[in-house]
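Everything on this sheet refers to the single structure shown next.
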Amino acid sequence: VHGDSNITVIKLTTPNFLRILENAIRYGTPVLLENIEETLDPSLEPILLKQTVKRGAQLILRLGDQDVPFNQDFKFYITTKLPNPHYLPEISIKVTIINFTVTLQGLEDQLLIEVVRYEREELEIEKDRLIVQISEDNKTLQDLEDKILKKIYEAAGNILNDEELIETLEASKITSKMINERMEQSKTTAERINKAREQYRVVAKRGSIIYFVIADLALIDPMYQYSLDYFIRLFKRRLDLSKKPETVEERLATLIDDVTKSFYMNICRGLFEKDKLLYSFTIASKILMERGEISGKEWGFFLRGGDSSKDLGNMPEYLNAKAWINILSLSDIHTHYTGLSESLLNNADQVLWKELLEDNNPRDIELPLPYKRICTEFQKMLIYMSLRPEKLVSCIQNFVKGALGQEFIESPPFDLQGAFNDSSSLVPIIFVLSPGADPISYLQNLASEKEMDSRMKMLSLGQGQGVIAEEMIKAGRRNGEWVCLQNCHLAATWMTELERIQEYQVEDDTHPEFRLWLTSMPTNKFPVPVLQSGIKLTNEPPKGLKANLLRTYQDVAQERNYDECLKPLEFKKLLFSLAFFHAVILERRKFGAIGWNIQYEWMNSDLIVCIRQLRMLLDEQPEVPYIALNVLVAEINYGGRVTDDKDVRLIKALLGKYFTPKVLDSKYTFSQSGLYKPPAQDALQLERIVEQIKGQPLEDDPDVFGLHQNANVTFQQKTVREFMETLLLIQPRISSTAGDAKSPEDIVKEMAREIESKLIKPLQVKIDVKADSLRIFRDQEIDRFNDLIVVMRKSLLDLMAAIDGTVVMSAQLESMFYSFLNKKVPEIWVEVAYPSLKPLGSWVEDLYTRLNFMSGWVKSPPKSYWLSALFFPQGFMTATLQTYARKTEIAIDTLQFQCVVQKFDKNNVEVVPTDGVNIHGLFIQGCRWNWEEGVLQESEKNMLFEEMPVIWLKPVAIAEYSDVGCYNCPLYKTSERKGTLSTTGHSTNFVLYLDLKSNDDPDHWIRRGVALLLSLIHI
């Protein structure tokens, strides 16, 4: 743009950047300000607003405390490296914002140049020469035309008598003919060159697809940042290092395979385990979408499921409503699904369908004809996903394996040596940390191998450490040392200084052996330029009981004091129990809320402290102090991190299995299967214990965690839900419904219109000053529902108006728009609604049902109260007790509920209790209720939740009540279970404990994670 003019490049971290700007304004030179964030320095305000005043014949701009003569030739450019910046209107109106983000096609053309330049350099040279030649020929033709027009304009009299003009025309004709012939030849040559170049486009196309998948990763985690320069540098390196077969076809296949694999390996080493399959799946799906093998409708169905407004019609008994809706919706997205719903109703096909629904590996069950033959692998996956959504991850693994290969579903090993080989003195290596993992030991081992252990300097960052770190980096660059700065996330204010240090490094002034190692937890404060230019590595703690136990005993072996306890038998047995307990409580977290209400971050240091205390108590006490050990471990060391009272009783129940005299019995086991047990008395040597651990199964049985087999299904559902939520984060908003017949605006407007049309008017109640407690509570609930109705109706009308363009689409309405597309409840509704985890369709239907219940209650009290319908069920409990207390004149704080589970459901309630209330709508998780015997029993296979019968909440005096033979079961509003303390003094999720009769030890159900729930995700 500015030709040979000297453009000045600065950053906000540049020393004296205002002085540089002042000189540029004075002398009219252009300035480029790089790497800004979403806010600008206030000192730039006068420049952006062009706040100039005329003083005499000169324009003056006040910059800081200086009056600077303003040169009209001054130009100011600003760039950012943020992938999707959001600038406030007050910034946007001061500047012209241009999107220079690379496009898929643009990058493809750029990579094609790199590929052809490497593979057929002569083609690229000839192409460049042709471009220059054609440009020069066009210029010559234009000059000739201008010269002829000038001669004709200047000619006097008859132009046929102007010999000079005639000669010029003749010469121009000859020259023009020669140029046109040359341009025709150039055109033919260009076509030949382009044809030869186009052979290599498939490689460039693959590279472009992979780059945009990598760029989207930053939307998942702020540490997943990779620059285009880094990508192109790695791309060119693969061109050089990949195998070079003789034929072009083989070379192209090799390049495509090598580029795909190498980028998977390189990027995966900087991703957490949970995101690696997502990365490979996104690559596979984008490749197939580019080929046209996955349509927009199919992708939209995969992301958001079927149309919940579908009429269920003749639904098979063996399917649930959600699965049937998805099956019905599939027929709308492709002709290959024609007749699918009829096949599920067909008696002959039902044998296969039922087998698919019951098998632990449904992907191994082949689909009935013709779907087995005509459907693509992705289309088959949509069928499996519809019927067995909890098995989606294994289906995705199978899909990726078929599309890309086995290596794309296997995590690359932690390769510090490989990362070091790819680094240089200017490229930092960044360890992205996770709780429970410490990569420093690996770094120290590498330093020893490279004979750098004496030249490696380490510093843990924190307050006041920035200056020391800067001096260490300067000395390291000068002397060729390794510098490791730990915990960068704790020095957020110093990160801008780190960015400046890295930006101004010079290769000639840096020792080639210098390396900068950085460790940080994921944080959005880490400098983006440093992240983009650095090599990232993740190191996570071992997964599974076997890996956890092996790591513990590896640490025990290094201590060298295994045989020094005065009670060797008890110590070795209880040490194994303690190690097993540590592994169990860590691995139990993967099951979500049924495992722990809150995901606690226990550390290896907790285990080390407990081992020391175990040794000390065994040495000092004449007998094994089991009670003291249980208190120390469960309530102090590990329990000190536990904040939820339900989790406190769980950790005590879990430890009770391991710190017990039964551990010394050779027949005692930790699980019903007998696969997990303490080592025998003659096998307590470290080598024998490690051998026993290695013999344990790879897949952990839920029973060893105290859970039912159904917990595996819960774990799979949780994994799938997290996978899909993360996948939705990286979807482009504009093309969210690409391939659909309707536009996103039409879809959202139709949804909004339908919801608004079914919303009832706010409920009206008569004020009664003599109303009882339950009626007062009802009126308060109605006020809450009315507030929700008002907010919903106003926001729906505003959204429809914004889509029509009659009102401004605010940020709040835009968020609501995309929530509708993603079938999520808008945040504006969540803020005034009751707790719920349901998707939008189920949530709206649930709301209508709640409103119908409240409308009926306004007319007359129900025989049984639907507890799930209420905003504040704790208030309902208090109102019920208060009603009884006033009736009997007994103090309310001396009362509690006795839980009497009836033998009938909500549709068969005939008697209304004189004291207390009937309630229904409760679901039990972790076990089932035996309606005949009236006790808790183990769940049936794949039955995660069961609806409870009607329950009579009978007020009784606390002093007269006994809970012997009962399990104290917690009741929660949602399956998320965890909550916070609200301003009312109650939990936002936990309601109360209900005593349910049981023939088993209550600790058994505590370990099972048994709880009552008021609301499920899809029911």
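Chain labels A, B, ... are given in the sequence in which chains occur in the structure tokens; within each chain residues are numbered consecutively from 1, and ligands are likewise numbered from 1 in the order shown.
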
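Residues in contact with Cys966 (chain A) at up to 6 Å, not including ones fewer than 4 positions away on its chain and judged by only C-alpha atoms, are Asp995, Leu996, Lys997 and Ser998 of chain A.
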
Atoms to include: all heavy atoms. Write the selected residues as a PDB file, in the first residue's frame.
ATOM      1  N   ASP A 995     -35.940 -40.945  54.724  1.00  0.00           N
ATOM      2  CA  ASP A 995     -35.549 -42.285  55.185  1.00  0.00           C
ATOM      3  C   ASP A 995     -36.323 -43.345  54.411  1.00  0.00           C
ATOM      4  O   ASP A 995     -37.557 -43.391  54.472  1.00  0.00           O
ATOM      5  CB  ASP A 995     -35.815 -42.433  56.686  1.00  0.00           C
ATOM      6  CG  ASP A 995     -34.851 -41.594  57.507  1.00  0.00           C
ATOM      7  OD1 ASP A 995     -33.719 -41.382  57.031  1.00  0.00           O
ATOM      8  OD2 ASP A 995     -35.224 -41.154  58.614  1.00  0.00           O
ATOM      9  N   LEU A 996     -35.581 -44.190  53.666  1.00  0.00           N
ATOM     10  CA  LEU A 996     -36.184 -45.274  52.894  1.00  0.00           C
ATOM     11  C   LEU A 996     -35.787 -46.612  53.500  1.00  0.00           C
ATOM     12  O   LEU A 996     -34.619 -46.828  53.848  1.00  0.00           O
ATOM     13  CB  LEU A 996     -35.721 -45.208  51.429  1.00  0.00           C
ATOM     14  CG  LEU A 996     -36.031 -43.916  50.685  1.00  0.00           C
ATOM     15  CD1 LEU A 996     -35.475 -43.976  49.276  1.00  0.00           C
ATOM     16  CD2 LEU A 996     -37.533 -43.652  50.646  1.00  0.00           C
ATOM     17  N   LYS A 997     -36.743 -47.512  53.651  1.00  0.00           N
ATOM     18  CA  LYS A 997     -36.483 -48.790  54.289  1.00  0.00           C
ATOM     19  C   LYS A 997     -35.512 -49.630  53.460  1.00  0.00           C
ATOM     20  O   LYS A 997     -35.573 -49.655  52.227  1.00  0.00           O
ATOM     21  CB  LYS A 997     -37.790 -49.551  54.503  1.00  0.00           C
ATOM     22  CG  LYS A 997     -38.671 -48.942  55.586  1.00  0.00           C
ATOM     23  CD  LYS A 997     -39.889 -49.800  55.855  1.00  0.00           C
ATOM     24  CE  LYS A 997     -40.743 -49.199  56.978  1.00  0.00           C
ATOM     25  NZ  LYS A 997     -41.936 -50.022  57.257  1.00  0.00           N
ATOM     26  N   SER A 998     -34.625 -50.341  54.177  1.00  0.00           N
ATOM     27  CA  SER A 998     -33.607 -51.134  53.505  1.00  0.00           C
ATOM     28  C   SER A 998     -33.244 -52.338  54.356  1.00  0.00           C
ATOM     29  O   SER A 998     -33.207 -52.250  55.595  1.00  0.00           O
ATOM     30  CB  SER A 998     -32.363 -50.283  53.250  1.00  0.00           C
ATOM     31  OG  SER A 998     -31.275 -51.090  52.857  1.00  0.00           O
TER      32      SER A 998
END

Q) What's the 12 Å shell around Arg588 (chain A), counting only C-alpha atoms, without same-chain residues fewer than 2 positions away, as a PyMOL selection string? A) chain A and resi 543-545+580-586+590-600+602+647+650-651+654+700-707+711-712+714-715+1007-1009

Produce a table with one row for each residue of region 767-884 of chain A that has an atom at most 10 Å from any atom of region 1012-1016 of chain A, each row naming the nearest atom pair and its distance in Å at one decimal; use only C-alpha atoms; arrange rows by chain and rising residue number; format as a Markdown table.
| residue | atom | partner | partner_atom | distance |
| --- | --- | --- | --- | --- |
| A:Pro835 | CA | A:Ser1015 | CA | 8.8 |
| A:Ser836 | CA | A:Ser1015 | CA | 6.9 |
| A:Leu837 | CA | A:Leu1016 | CA | 7.2 |
| A:Lys838 | CA | A:Leu1016 | CA | 7.3 |
| A:Asp846 | CA | A:Ser1015 | CA | 9.8 |
| A:Trp866 | CA | A:Leu1014 | CA | 9.3 |
| A:Leu867 | CA | A:Leu1014 | CA | 7.1 |
| A:Ser868 | CA | A:Leu1014 | CA | 4.9 |
| A:Ala869 | CA | A:Leu1014 | CA | 8.5 |
| A:Leu870 | CA | A:Leu1014 | CA | 9.5 |
| A:Pro873 | CA | A:Leu1014 | CA | 9.6 |

(Q) Need to verify the contact set: Arg26 (chain A), 9 Å, only C-alpha atoms, exclusion of same-chain residues closer than 3 positions in sequence. Can you return it as a list in words? (A)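 In the requested form, the answer reads Leu21, Glu22, Asn23, Thr29, Val68, Pro69, Phe70, Asn71 and Phe74 of chain A.
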
Residue subset to file, keeping all heavy atoms, as a CSV table (one decimal), in the first residue's frame:
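Output saved as result.csv:
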chain,number,residue,atom,x,y,z
A,21,LEU,N,5.1,7.2,18.0
A,21,LEU,CA,3.9,7.7,17.4
A,21,LEU,C,3.9,9.2,17.1
A,21,LEU,O,3.5,9.7,16.1
A,21,LEU,CB,2.7,7.4,18.3
A,21,LEU,CG,2.0,6.0,18.1
A,21,LEU,CD1,0.9,5.8,19.1
A,21,LEU,CD2,1.3,6.0,16.7
A,22,GLU,N,4.5,9.9,18.1
A,22,GLU,CA,4.6,11.4,18.0
A,22,GLU,C,5.4,11.8,16.7
A,22,GLU,O,5.1,12.6,16.0
A,22,GLU,CB,5.3,11.9,19.2
A,22,GLU,CG,5.5,13.4,19.3
A,22,GLU,CD,6.2,13.9,20.5
A,22,GLU,OE1,6.0,13.3,21.6
A,22,GLU,OE2,7.0,14.9,20.4
A,23,ASN,N,6.6,11.1,16.5
A,23,ASN,CA,7.4,11.4,15.4
A,23,ASN,C,6.7,11.0,14.1
A,23,ASN,O,6.9,11.7,13.1
A,23,ASN,CB,8.7,10.6,15.5
A,23,ASN,CG,9.6,11.1,16.6
A,23,ASN,OD1,9.5,12.3,17.0
A,23,ASN,ND2,10.4,10.3,17.2
A,29,THR,N,4.7,9.6,8.6
A,29,THR,CA,5.0,8.2,8.2
A,29,THR,C,4.0,7.2,8.7
A,29,THR,O,3.4,7.5,9.8
A,29,THR,CB,6.4,7.8,8.7
A,29,THR,OG1,6.4,8.0,10.1
A,29,THR,CG2,7.5,8.6,8.1
A,68,VAL,N,1.5,18.1,19.0
A,68,VAL,CA,2.3,17.6,17.9
A,68,VAL,C,1.7,18.1,16.6
A,68,VAL,O,0.5,18.0,16.4
A,68,VAL,CB,2.2,16.0,17.9
A,68,VAL,CG1,3.1,15.5,16.8
A,68,VAL,CG2,2.6,15.5,19.3
A,69,PRO,N,2.5,18.7,15.7
A,69,PRO,CA,2.0,19.1,14.4
A,69,PRO,C,1.5,17.8,13.6
A,69,PRO,O,2.2,16.8,13.6
A,69,PRO,CB,3.3,19.6,13.7
A,69,PRO,CG,4.2,20.0,14.8
A,69,PRO,CD,3.9,19.1,15.9
A,70,PHE,N,0.3,17.9,13.1
A,70,PHE,CA,-0.3,16.8,12.4
A,70,PHE,C,-0.1,16.8,10.9
A,70,PHE,O,-0.5,17.7,10.3
A,70,PHE,CB,-1.8,16.7,12.7
A,70,PHE,CG,-2.5,15.5,12.2
A,70,PHE,CD1,-2.5,14.3,13.0
A,70,PHE,CD2,-3.2,15.5,11.0
A,70,PHE,CE1,-3.1,13.2,12.5
A,70,PHE,CE2,-3.8,14.4,10.6
A,70,PHE,CZ,-3.8,13.2,11.3
A,71,ASN,N,0.6,15.8,10.4
A,71,ASN,CA,0.9,15.7,9.0
A,71,ASN,C,-0.2,14.8,8.4
A,71,ASN,O,-0.5,13.7,8.8
A,71,ASN,CB,2.3,15.0,8.8
A,71,ASN,CG,2.7,15.1,7.3
A,71,ASN,OD1,1.9,14.8,6.4
A,71,ASN,ND2,4.0,15.5,7.1
A,74,PHE,N,0.0,11.0,7.6
A,74,PHE,CA,0.1,10.0,8.7
A,74,PHE,C,-1.0,9.0,8.5
A,74,PHE,O,-2.2,9.3,8.3
A,74,PHE,CB,0.1,10.7,10.0
A,74,PHE,CG,-0.1,9.7,11.2
A,74,PHE,CD1,0.9,8.9,11.6
A,74,PHE,CD2,-1.3,9.6,11.9
A,74,PHE,CE1,0.8,8.0,12.7
A,74,PHE,CE2,-1.5,8.7,12.9
A,74,PHE,CZ,-0.5,7.9,13.3

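Each of A:Ile25, A:Ile747, A:Val901, A:Met178 was compared to Trp952 (chain A) using only C-alpha atoms, and A:Val901 turns out to be the nearest.
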
Q: Could you jot down the CA of Pro413 (chain A) to CA of Leu461 (chain A) separation for me, Å, one decimal place?
A: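 Going from CA of Pro413 (chain A) over to CA of Leu461 (chain A), I get 28.5 Å.
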